[in-house]
Amino acid sequence: MVQKLRVRYAKTGRMRFASHRDFQRALERAVRRSGLPIAFSGGFSPHPRIAYANAAPTGAASEAEYVELGLREEIDPSVVPATLTEALPVGFEIRECVHVTSGSVADRLEASVWQLELQECTEAELRDAVDRLDKAGDVTVDRLAKSGVKQVPVGAAMLSSEIASAESDGSGPVCAILRVVVRHETPSVRPEDVLTALVEHADLAAPAAAGYTRLAQGPLLGEPVTVGDPFSESE
Amino acid sequence: MSVTSLYPVLEPLLARVRKPIQYVGGEVNSVSKDWDDAAVRWALLYPDAYEVGSPNQGMQILYEVLNEQPDVLAERSYSVWPDMESELREHNIPAFSLDSHRPLAEFDLLGVSLATELGYTNLLNTLDLAGIPLRSADRDIDDPLVLVGGHAAFNPEPIAPFIDAAVLGDGEEPVLRVSELVADWKRQGRPDGRDGLLRTLAATGQVYVPAFYDVEYRPDGQIDQIRPNTPGVPWQVSKHTLMDLDEWPYPKQPVVPVAETIHERMSVEIFRGCTRGCRFCQAGMITRPVRERSAATVADMVDCGIKRTGFDEVGMLSLSSADHSEIGGLAKGLADRYEGTRTSLSLPSTRVDAFNIELADELSRNGRRSGLTFAPEGGSERLRRVINKGVSEEDLIRTVAAAYGSGWRHVKLYFMCGLPTERDEDVMQIARLAREVIRTGREVSGRRDIRCTVSIGGFVPKPHTPFQWAGQLDPAETDRRLQMLRDEIRSDRDYGRAIGMRYHEGEPGMVEGLLARGDRRVADVIERVWRDGGRFDGWSEYFSFERWQTAAEAVWQDQLIDLEWFTTRERDFDEVLPWSHLDSGLDADWLWQDWQDSLSEDEVGDCRWTPCSQCGVCDQMDTHIQVGPSDKVWLPTIEVRPTVTAESSG
């Protein structure tokens, strides 16, 4: 491997319904179609040097997903977003690409900013529920996984929250928006777990529908709590 | 008034269903043309889940052929899973096309690809979800024309009341012709309505319209006759054969699925048809004669397809790929061209006697060594002569020995159970054969980790084959023989653990048999099964034999026909078979003679290399064998280099 590239990509529109494995296959094919000089691992069953990190759950959109590519020839990183985006199905978009010399992006992803859009929920209802959840302390919710029921530490992971509302053109249903900074834990806290916590522990009426978008992920920065850019300190 | 997309109302449902990405569309190479610009609009349906239907070559080819026409629009659709079906019904959303999410009922034609009979209940389900009347007789001028094609269309009688028309054989030219006729009919103001259009299609002689034929039955249950009830309609409808496949290099840019599907490779059909004459094989019998694509064309298609899809595997498809007259040069040429690019080449279907190690080595040069699969089909040499499979045990052992000696560790062998004249000892021979394969493999490779998988299913006699008169083996006896084989394989302590066995039980085969050789009286049974909840009959999680039995008993309670009548009963030469008005080009006398020859264990050669056996196809259809070697020159070896380098930026 001669050059390592760090890439931020978005899962938007219909592609938010793709799973992470679906994205992996799509990316490998896009790399082949675009002719990017990807390096391969050695050994009996070589695979392309593509390293993934902390993918969003299926169903969530994202502006901040990260992947690293190992190339066997050096290229200008600024050509990558247009080239790869064109070769990917519509909805997967490469937003940024930089050359890095050390470290792996996975180490720099400590927390995410999640946006939850809750249909037919008012700003006031949401604000009350978030306050109640704050006061409830270290709340956990159950999530069913293949290995059994997991206890997800929602309370401990929710570090800050911000509430807004969006009215759709006056005539449509109201929609409350919650932006939370969630620290990456094990088991990971997903946006749907945050909603479950609000409904089960803070008396929020279950919304008609919920949309999730990851707005950012990166290193956790101090007071006030924010999420930094994993690309800073890269060359 | 334009028809709008259902996507906005579908989207909220997607979070609630399994694998929602399959309903979303927008894949690389998918096409969504302007609705209003089109003169004719096709919805192509493969009546199974996206993961099975998406890689289907037939659909891919027609999707491209149709969309290449400036005034024709074609979109894809597949069966939705039961959880999505519930959501659609609950929210009153009709079945939709994948490419623009428009209601299927808004298209001019619903073109259905019937690779297997087990998709029939899914077909009814889709019609119902689409809001299209189930029965052809109930449809009006605004309902789409339901036109079926694919192998099962060679006997569409069990679904005759549900379809408007069928095309037998290669669909490329017929769909273009149908498009022209539909466009004309629309432009002229739809003269004489639906009936007028169907008559026009039937008059071409290439489109079978079941409504224009009456079927009469005798007291003993057999068909008395099948005859046209409308003037201008032929007594027999013939299949269509596409010649000069080099002129039709499709698919050029197959749709690349985002969801996981059963095949993820660039598939290129290297030839169509087969004349080896295996007597059980409907695919071979109905696709005669052999028409090859030249190695140069195949190489172009591979090159073009790889560039446009990004797949890292190429499958060279046909019924017996190693038989291609230029296969050696083709495999070597492709292996050379893709050296170092990690593109693997595979020949998914090869006959034992055509396979050779040089070929296998070329294919595994660039990528993973894919498993080797052979299909002896019959366990004993005697039985293989009966089915005209022509593979001696010596051939088989020599081939697998070469394979194991060259580094392969695992070979898969396909067999069938219930072939005509089969006895227990023929089935037991499979175990002996498998043990011999392992023994040879260990000896030749010097290793003990040699494996062999025996995959065996029940034989279902099919229309338009020499075995179309045979009685199918009943499920109980099929299961008994399979159990016996399993016990025999396991009983051997030395080899038992090196041999895996995969098998299908007898009951689904009975339903396949009912639908394969059934007539119009089976339609009510299919409808009843569907109403009773039958879906995805090809999937063991959903298939229910009891549902079919109950439906058959209820529908036929006052008649002497039943499930066994259509399956285990042997037919005689003078019986009018339900597909006798549908012509595959094969001479009925030739088929009967071949059936008699099989019972005497006489073999027949392949007319590519031995004298013609007068099966009738070439005379009847004015076609001929088209095989190489060709004189065509390949394009110079394309150097596969990255297009994005440090110099190419800015």
# chains A, B, ... in the order shown; residues from 1 in each chain; ligands from 1
$ select_by_dssp --residues "region 136-208 of chain B" --states "strand (DSSP E)" --output "list of chain:residue names"
B:Leu145, B:Val146, B:Leu147, B:Val148, B:Gly149, B:Ala165, B:Ala166
$ closest_residue --among "A:Leu221, A:Leu116, A:Ala10, A:Val189" --to "Ser161 (chain A)" --atoms "only C-alpha atoms"
A:Leu116
$ residues_around --residues "Thr58 (chain A)" --least-positions-apart "6" --cutoff "12 Å" --atoms "only C-alpha atoms" --output "list of chain:residue names"
A:Lys11, A:Thr12, A:Arg14, A:Met15, A:Arg16, A:Phe17, A:Ala18, A:Ser19, A:His20, A:Arg21, A:Asp22, A:Phe23, A:Arg190, A:Pro191, A:Glu192, A:Gly211, A:Tyr212, A:Thr213, A:Arg214, B:Leu14, B:Ala15, B:Arg16, B:Val17, B:Arg18, B:Lys19, B:Pro20, B:Ile21
$ write_last_selection --atoms "N, CA and C atoms" --output "JSON list (two decimals), in the first residue's frame"
[["chain", "number", "residue", "atom", "x", "y", "z"],
["A", 11, "LYS", "N", -25.05, 8.66, 3.17],
["A", 11, "LYS", "CA", -26.11, 7.72, 2.78],
["A", 11, "LYS", "C", -27.37, 8.55, 2.77],
["A", 12, "THR", "N", -27.88, 8.84, 1.60],
["A", 12, "THR", "CA", -29.03, 9.74, 1.55],
["A", 12, "THR", "C", -30.15, 9.12, 0.75],
["A", 14, "ARG", "N", -32.93, 7.16, -0.85],
["A", 14, "ARG", "CA", -33.37, 5.77, -0.76],
["A", 14, "ARG", "C", -32.27, 4.85, -0.25],
["A", 15, "MET", "N", -31.04, 5.24, -0.39],
["A", 15, "MET", "CA", -29.96, 4.36, 0.01],
["A", 15, "MET", "C", -29.85, 4.20, 1.52],
["A", 16, "ARG", "N", -30.64, 4.98, 2.27],
["A", 16, "ARG", "CA", -30.57, 4.74, 3.71],
["A", 16, "ARG", "C", -31.15, 3.38, 4.07],
["A", 17, "PHE", "N", -31.88, 2.79, 3.13],
["A", 17, "PHE", "CA", -32.41, 1.46, 3.38],
["A", 17, "PHE", "C", -31.42, 0.36, 3.05],
["A", 18, "ALA", "N", -30.26, 0.73, 2.55],
["A", 18, "ALA", "CA", -29.22, -0.26, 2.29],
["A", 18, "ALA", "C", -28.54, -0.62, 3.60],
["A", 19, "SER", "N", -28.14, -1.87, 3.71],
["A", 19, "SER", "CA", -27.40, -2.29, 4.90],
["A", 19, "SER", "C", -25.93, -1.96, 4.70],
["A", 20, "HIS", "N", -25.16, -2.13, 5.74],
["A", 20, "HIS", "CA", -23.74, -1.84, 5.60],
["A", 20, "HIS", "C", -23.08, -2.80, 4.62],
["A", 21, "ARG", "N", -23.50, -4.08, 4.66],
["A", 21, "ARG", "CA", -22.93, -5.06, 3.71],
["A", 21, "ARG", "C", -23.29, -4.66, 2.28],
["A", 22, "ASP", "N", -24.49, -4.13, 2.08],
["A", 22, "ASP", "CA", -24.89, -3.68, 0.75],
["A", 22, "ASP", "C", -23.94, -2.57, 0.30],
["A", 23, "PHE", "N", -23.62, -1.66, 1.21],
["A", 23, "PHE", "CA", -22.72, -0.56, 0.85],
["A", 23, "PHE", "C", -21.33, -1.08, 0.52],
["A", 190, "ARG", "N", -28.22, 3.25, 19.43],
["A", 190, "ARG", "CA", -28.74, 3.69, 18.14],
["A", 190, "ARG", "C", -29.82, 4.74, 18.34],
["A", 191, "PRO", "N", -30.10, 5.54, 17.32],
["A", 191, "PRO", "CA", -31.14, 6.56, 17.47],
["A", 191, "PRO", "C", -32.49, 5.98, 17.88],
["A", 192, "GLU", "N", -32.81, 4.78, 17.37],
["A", 192, "GLU", "CA", -34.10, 4.18, 17.75],
["A", 192, "GLU", "C", -34.13, 3.84, 19.24],
["A", 211, "GLY", "N", -37.72, 9.51, 11.59],
["A", 211, "GLY", "CA", -36.60, 9.43, 10.64],
["A", 211, "GLY", "C", -35.32, 9.74, 11.37],
["A", 212, "TYR", "N", -34.26, 9.06, 10.99],
["A", 212, "TYR", "CA", -32.98, 9.26, 11.67],
["A", 212, "TYR", "C", -31.90, 9.65, 10.67],
["A", 213, "THR", "N", -31.10, 10.65, 11.06],
["A", 213, "THR", "CA", -29.97, 11.04, 10.22],
["A", 213, "THR", "C", -28.77, 11.30, 11.12],
["A", 214, "ARG", "N", -27.63, 10.73, 10.76],
["A", 214, "ARG", "CA", -26.42, 11.06, 11.50],
["A", 214, "ARG", "C", -25.84, 12.30, 10.85],
["B", 14, "LEU", "N", -41.33, 1.13, 4.46],
["B", 14, "LEU", "CA", -40.06, 0.42, 4.27],
["B", 14, "LEU", "C", -39.35, 0.13, 5.57],
["B", 15, "ALA", "N", -39.52, 1.01, 6.55],
["B", 15, "ALA", "CA", -38.86, 0.78, 7.83],
["B", 15, "ALA", "C", -39.43, -0.44, 8.55],
["B", 16, "ARG", "N", -40.60, -0.90, 8.12],
["B", 16, "ARG", "CA", -41.27, -1.98, 8.84],
["B", 16, "ARG", "C", -41.07, -3.35, 8.23],
["B", 17, "VAL", "N", -40.42, -3.40, 7.04],
["B", 17, "VAL", "CA", -40.33, -4.70, 6.37],
["B", 17, "VAL", "C", -38.89, -5.18, 6.29],
["B", 18, "ARG", "N", -38.78, -6.49, 6.04],
["B", 18, "ARG", "CA", -37.47, -7.13, 5.91],
["B", 18, "ARG", "C", -36.83, -6.71, 4.60],
["B", 19, "LYS", "N", -35.52, -6.40, 4.65],
["B", 19, "LYS", "CA", -34.74, -6.07, 3.46],
["B", 19, "LYS", "C", -35.42, -5.04, 2.55],
["B", 20, "PRO", "N", -35.71, -3.87, 3.11],
["B", 20, "PRO", "CA", -36.44, -2.85, 2.35],
["B", 20, "PRO", "C", -35.72, -2.40, 1.08],
["B", 21, "ILE", "N", -34.41, -2.55, 1.02],
["B", 21, "ILE", "CA", -33.65, -2.05, -0.14],
["B", 21, "ILE", "C", -34.11, -2.70, -1.45]]
$ closest_residue --among "B:Val3, B:Leu124, B:Leu242, B:Ile132" --to "Ala523 (chain B)" --atoms "only C-alpha atoms"
B:Leu124
$ closest_residue --among "A:Glu185, A:Asp142, A:Glu120, A:Asp229" --to "Ala209 (chain A)" --atoms "only C-alpha atoms"
A:Glu120
$ decode --residues "region 58-104 of chain B" --atoms "N, CA and C atoms" --output "mmCIF file, in the first residue's frame"
data_model
loop_
_atom_site.group_PDB
_atom_site.id
_atom_site.type_symbol
_atom_site.label_atom_id
_atom_site.label_comp_id
_atom_site.auth_asym_id
_atom_site.auth_seq_id
_atom_site.Cartn_x
_atom_site.Cartn_y
_atom_site.Cartn_z
ATOM 1 N N GLY B 58 -33.091 -13.784 -18.765
ATOM 2 C CA GLY B 58 -34.207 -13.499 -19.662
ATOM 3 C C GLY B 58 -34.755 -12.098 -19.445
ATOM 4 N N MET B 59 -35.008 -11.772 -18.192
ATOM 5 C CA MET B 59 -35.541 -10.442 -17.862
ATOM 6 C C MET B 59 -34.549 -9.346 -18.236
ATOM 7 N N GLN B 60 -33.272 -9.565 -17.917
ATOM 8 C CA GLN B 60 -32.234 -8.563 -18.205
ATOM 9 C C GLN B 60 -32.190 -8.266 -19.703
ATOM 10 N N ILE B 61 -32.253 -9.339 -20.494
ATOM 11 C CA ILE B 61 -32.171 -9.174 -21.947
ATOM 12 C C ILE B 61 -33.373 -8.376 -22.460
ATOM 13 N N LEU B 62 -34.569 -8.765 -22.072
ATOM 14 C CA LEU B 62 -35.756 -8.076 -22.589
ATOM 15 C C LEU B 62 -35.824 -6.634 -22.086
ATOM 16 N N TYR B 63 -35.409 -6.407 -20.862
ATOM 17 C CA TYR B 63 -35.363 -5.058 -20.286
ATOM 18 C C TYR B 63 -34.528 -4.141 -21.176
ATOM 19 N N GLU B 64 -33.377 -4.642 -21.610
ATOM 20 C CA GLU B 64 -32.511 -3.832 -22.467
ATOM 21 C C GLU B 64 -33.045 -3.710 -23.882
ATOM 22 N N VAL B 65 -33.442 -4.839 -24.455
ATOM 23 C CA VAL B 65 -33.941 -4.830 -25.840
ATOM 24 C C VAL B 65 -35.111 -3.859 -25.976
ATOM 25 N N LEU B 66 -36.022 -3.886 -25.025
ATOM 26 C CA LEU B 66 -37.181 -2.994 -25.095
ATOM 27 C C LEU B 66 -36.797 -1.542 -24.850
ATOM 28 N N ASN B 67 -36.003 -1.278 -23.830
ATOM 29 C CA ASN B 67 -35.654 0.101 -23.504
ATOM 30 C C ASN B 67 -34.779 0.763 -24.569
ATOM 31 N N GLU B 68 -34.120 -0.054 -25.389
ATOM 32 C CA GLU B 68 -33.325 0.528 -26.481
ATOM 33 C C GLU B 68 -34.220 1.160 -27.538
ATOM 34 N N GLN B 69 -35.464 0.717 -27.616
ATOM 35 C CA GLN B 69 -36.400 1.312 -28.576
ATOM 36 C C GLN B 69 -36.829 2.681 -28.056
ATOM 37 N N PRO B 70 -36.709 3.715 -28.886
ATOM 38 C CA PRO B 70 -36.986 5.075 -28.401
ATOM 39 C C PRO B 70 -38.389 5.271 -27.835
ATOM 40 N N ASP B 71 -39.389 4.601 -28.422
ATOM 41 C CA ASP B 71 -40.740 4.874 -27.952
ATOM 42 C C ASP B 71 -41.318 3.755 -27.089
ATOM 43 N N VAL B 72 -40.440 2.895 -26.593
ATOM 44 C CA VAL B 72 -40.894 1.812 -25.716
ATOM 45 C C VAL B 72 -40.265 1.987 -24.341
ATOM 46 N N LEU B 73 -41.040 1.705 -23.305
ATOM 47 C CA LEU B 73 -40.560 1.814 -21.931
ATOM 48 C C LEU B 73 -40.744 0.454 -21.275
ATOM 49 N N ALA B 74 -39.730 -0.014 -20.554
ATOM 50 C CA ALA B 74 -39.859 -1.283 -19.832
ATOM 51 C C ALA B 74 -39.319 -1.101 -18.424
ATOM 52 N N GLU B 75 -40.089 -1.552 -17.453
ATOM 53 C CA GLU B 75 -39.654 -1.479 -16.066
ATOM 54 C C GLU B 75 -39.780 -2.856 -15.433
ATOM 55 N N ARG B 76 -39.043 -3.055 -14.344
ATOM 56 C CA ARG B 76 -38.995 -4.369 -13.727
ATOM 57 C C ARG B 76 -39.925 -4.444 -12.514
ATOM 58 N N SER B 77 -40.382 -5.646 -12.221
ATOM 59 C CA SER B 77 -41.078 -5.856 -10.946
ATOM 60 C C SER B 77 -40.884 -7.290 -10.488
ATOM 61 N N TYR B 78 -40.966 -7.501 -9.207
ATOM 62 C CA TYR B 78 -40.740 -8.808 -8.598
ATOM 63 C C TYR B 78 -41.798 -9.034 -7.533
ATOM 64 N N SER B 79 -41.882 -10.251 -7.030
ATOM 65 C CA SER B 79 -42.855 -10.550 -5.977
ATOM 66 C C SER B 79 -42.400 -9.923 -4.668
ATOM 67 N N VAL B 80 -43.341 -9.326 -3.953
ATOM 68 C CA VAL B 80 -42.983 -8.760 -2.657
ATOM 69 C C VAL B 80 -43.122 -9.837 -1.588
ATOM 70 N N TRP B 81 -42.303 -9.730 -0.558
ATOM 71 C CA TRP B 81 -42.385 -10.689 0.546
ATOM 72 C C TRP B 81 -43.719 -10.528 1.282
ATOM 73 N N PRO B 82 -44.160 -11.578 2.004
ATOM 74 C CA PRO B 82 -45.441 -11.494 2.720
ATOM 75 C C PRO B 82 -45.562 -10.303 3.666
ATOM 76 N N ASP B 83 -44.473 -9.867 4.303
ATOM 77 C CA ASP B 83 -44.621 -8.733 5.215
ATOM 78 C C ASP B 83 -44.953 -7.454 4.420
ATOM 79 N N MET B 84 -44.344 -7.283 3.289
ATOM 80 C CA MET B 84 -44.651 -6.132 2.434
ATOM 81 C C MET B 84 -46.047 -6.266 1.853
ATOM 82 N N GLU B 85 -46.418 -7.480 1.500
ATOM 83 C CA GLU B 85 -47.770 -7.690 0.982
ATOM 84 C C GLU B 85 -48.810 -7.212 1.998
ATOM 85 N N SER B 86 -48.615 -7.565 3.268
ATOM 86 C CA SER B 86 -49.561 -7.123 4.318
ATOM 87 C C SER B 86 -49.638 -5.612 4.377
ATOM 88 N N GLU B 87 -48.483 -4.976 4.323
ATOM 89 C CA GLU B 87 -48.473 -3.507 4.389
ATOM 90 C C GLU B 87 -49.209 -2.914 3.188
ATOM 91 N N LEU B 88 -48.959 -3.457 1.999
ATOM 92 C CA LEU B 88 -49.614 -2.925 0.801
ATOM 93 C C LEU B 88 -51.128 -3.061 0.918
ATOM 94 N N ARG B 89 -51.577 -4.233 1.358
ATOM 95 C CA ARG B 89 -53.029 -4.450 1.462
ATOM 96 C C ARG B 89 -53.634 -3.559 2.532
ATOM 97 N N GLU B 90 -52.937 -3.443 3.651
ATOM 98 C CA GLU B 90 -53.469 -2.637 4.742
ATOM 99 C C GLU B 90 -53.595 -1.174 4.339
ATOM 100 N N HIS B 91 -52.657 -0.700 3.556
ATOM 101 C CA HIS B 91 -52.676 0.715 3.169
ATOM 102 C C HIS B 91 -53.239 0.954 1.772
ATOM 103 N N ASN B 92 -53.806 -0.090 1.178
ATOM 104 C CA ASN B 92 -54.418 0.048 -0.153
ATOM 105 C C ASN B 92 -53.474 0.578 -1.204
ATOM 106 N N ILE B 93 -52.267 0.075 -1.199
ATOM 107 C CA ILE B 93 -51.289 0.478 -2.205
ATOM 108 C C ILE B 93 -51.138 -0.682 -3.190
ATOM 109 N N PRO B 94 -51.271 -0.402 -4.486
ATOM 110 C CA PRO B 94 -51.219 -1.520 -5.459
ATOM 111 C C PRO B 94 -49.787 -1.959 -5.765
ATOM 112 N N ALA B 95 -49.648 -3.129 -6.358
ATOM 113 C CA ALA B 95 -48.338 -3.618 -6.789
ATOM 114 C C ALA B 95 -47.726 -2.633 -7.778
ATOM 115 N N PHE B 96 -46.419 -2.427 -7.666
ATOM 116 C CA PHE B 96 -45.751 -1.337 -8.373
ATOM 117 C C PHE B 96 -44.527 -1.825 -9.130
ATOM 118 N N SER B 97 -44.099 -1.019 -10.083
ATOM 119 C CA SER B 97 -42.856 -1.312 -10.800
ATOM 120 C C SER B 97 -41.691 -0.795 -9.958
ATOM 121 N N LEU B 98 -40.551 -1.427 -10.121
ATOM 122 C CA LEU B 98 -39.413 -1.059 -9.296
ATOM 123 C C LEU B 98 -38.753 0.232 -9.776
ATOM 124 N N ASP B 99 -38.729 0.436 -11.092
ATOM 125 C CA ASP B 99 -37.951 1.551 -11.622
ATOM 126 C C ASP B 99 -38.577 2.915 -11.394
ATOM 127 N N SER B 100 -39.898 2.999 -11.442
ATOM 128 C CA SER B 100 -40.501 4.308 -11.163
ATOM 129 C C SER B 100 -41.632 4.197 -10.144
ATOM 130 N N HIS B 101 -41.801 3.031 -9.560
ATOM 131 C CA HIS B 101 -42.833 2.817 -8.544
ATOM 132 C C HIS B 101 -44.225 3.188 -9.033
ATOM 133 N N ARG B 102 -44.481 2.877 -10.268
ATOM 134 C CA ARG B 102 -45.820 3.137 -10.803
ATOM 135 C C ARG B 102 -46.661 1.879 -10.697
ATOM 136 N N PRO B 103 -47.973 2.036 -10.570
ATOM 137 C CA PRO B 103 -48.850 0.854 -10.460
ATOM 138 C C PRO B 103 -48.728 -0.037 -11.696
ATOM 139 N N LEU B 104 -48.588 -1.345 -11.486
ATOM 140 C CA LEU B 104 -48.477 -2.276 -12.609
ATOM 141 C C LEU B 104 -49.688 -2.175 -13.531
#
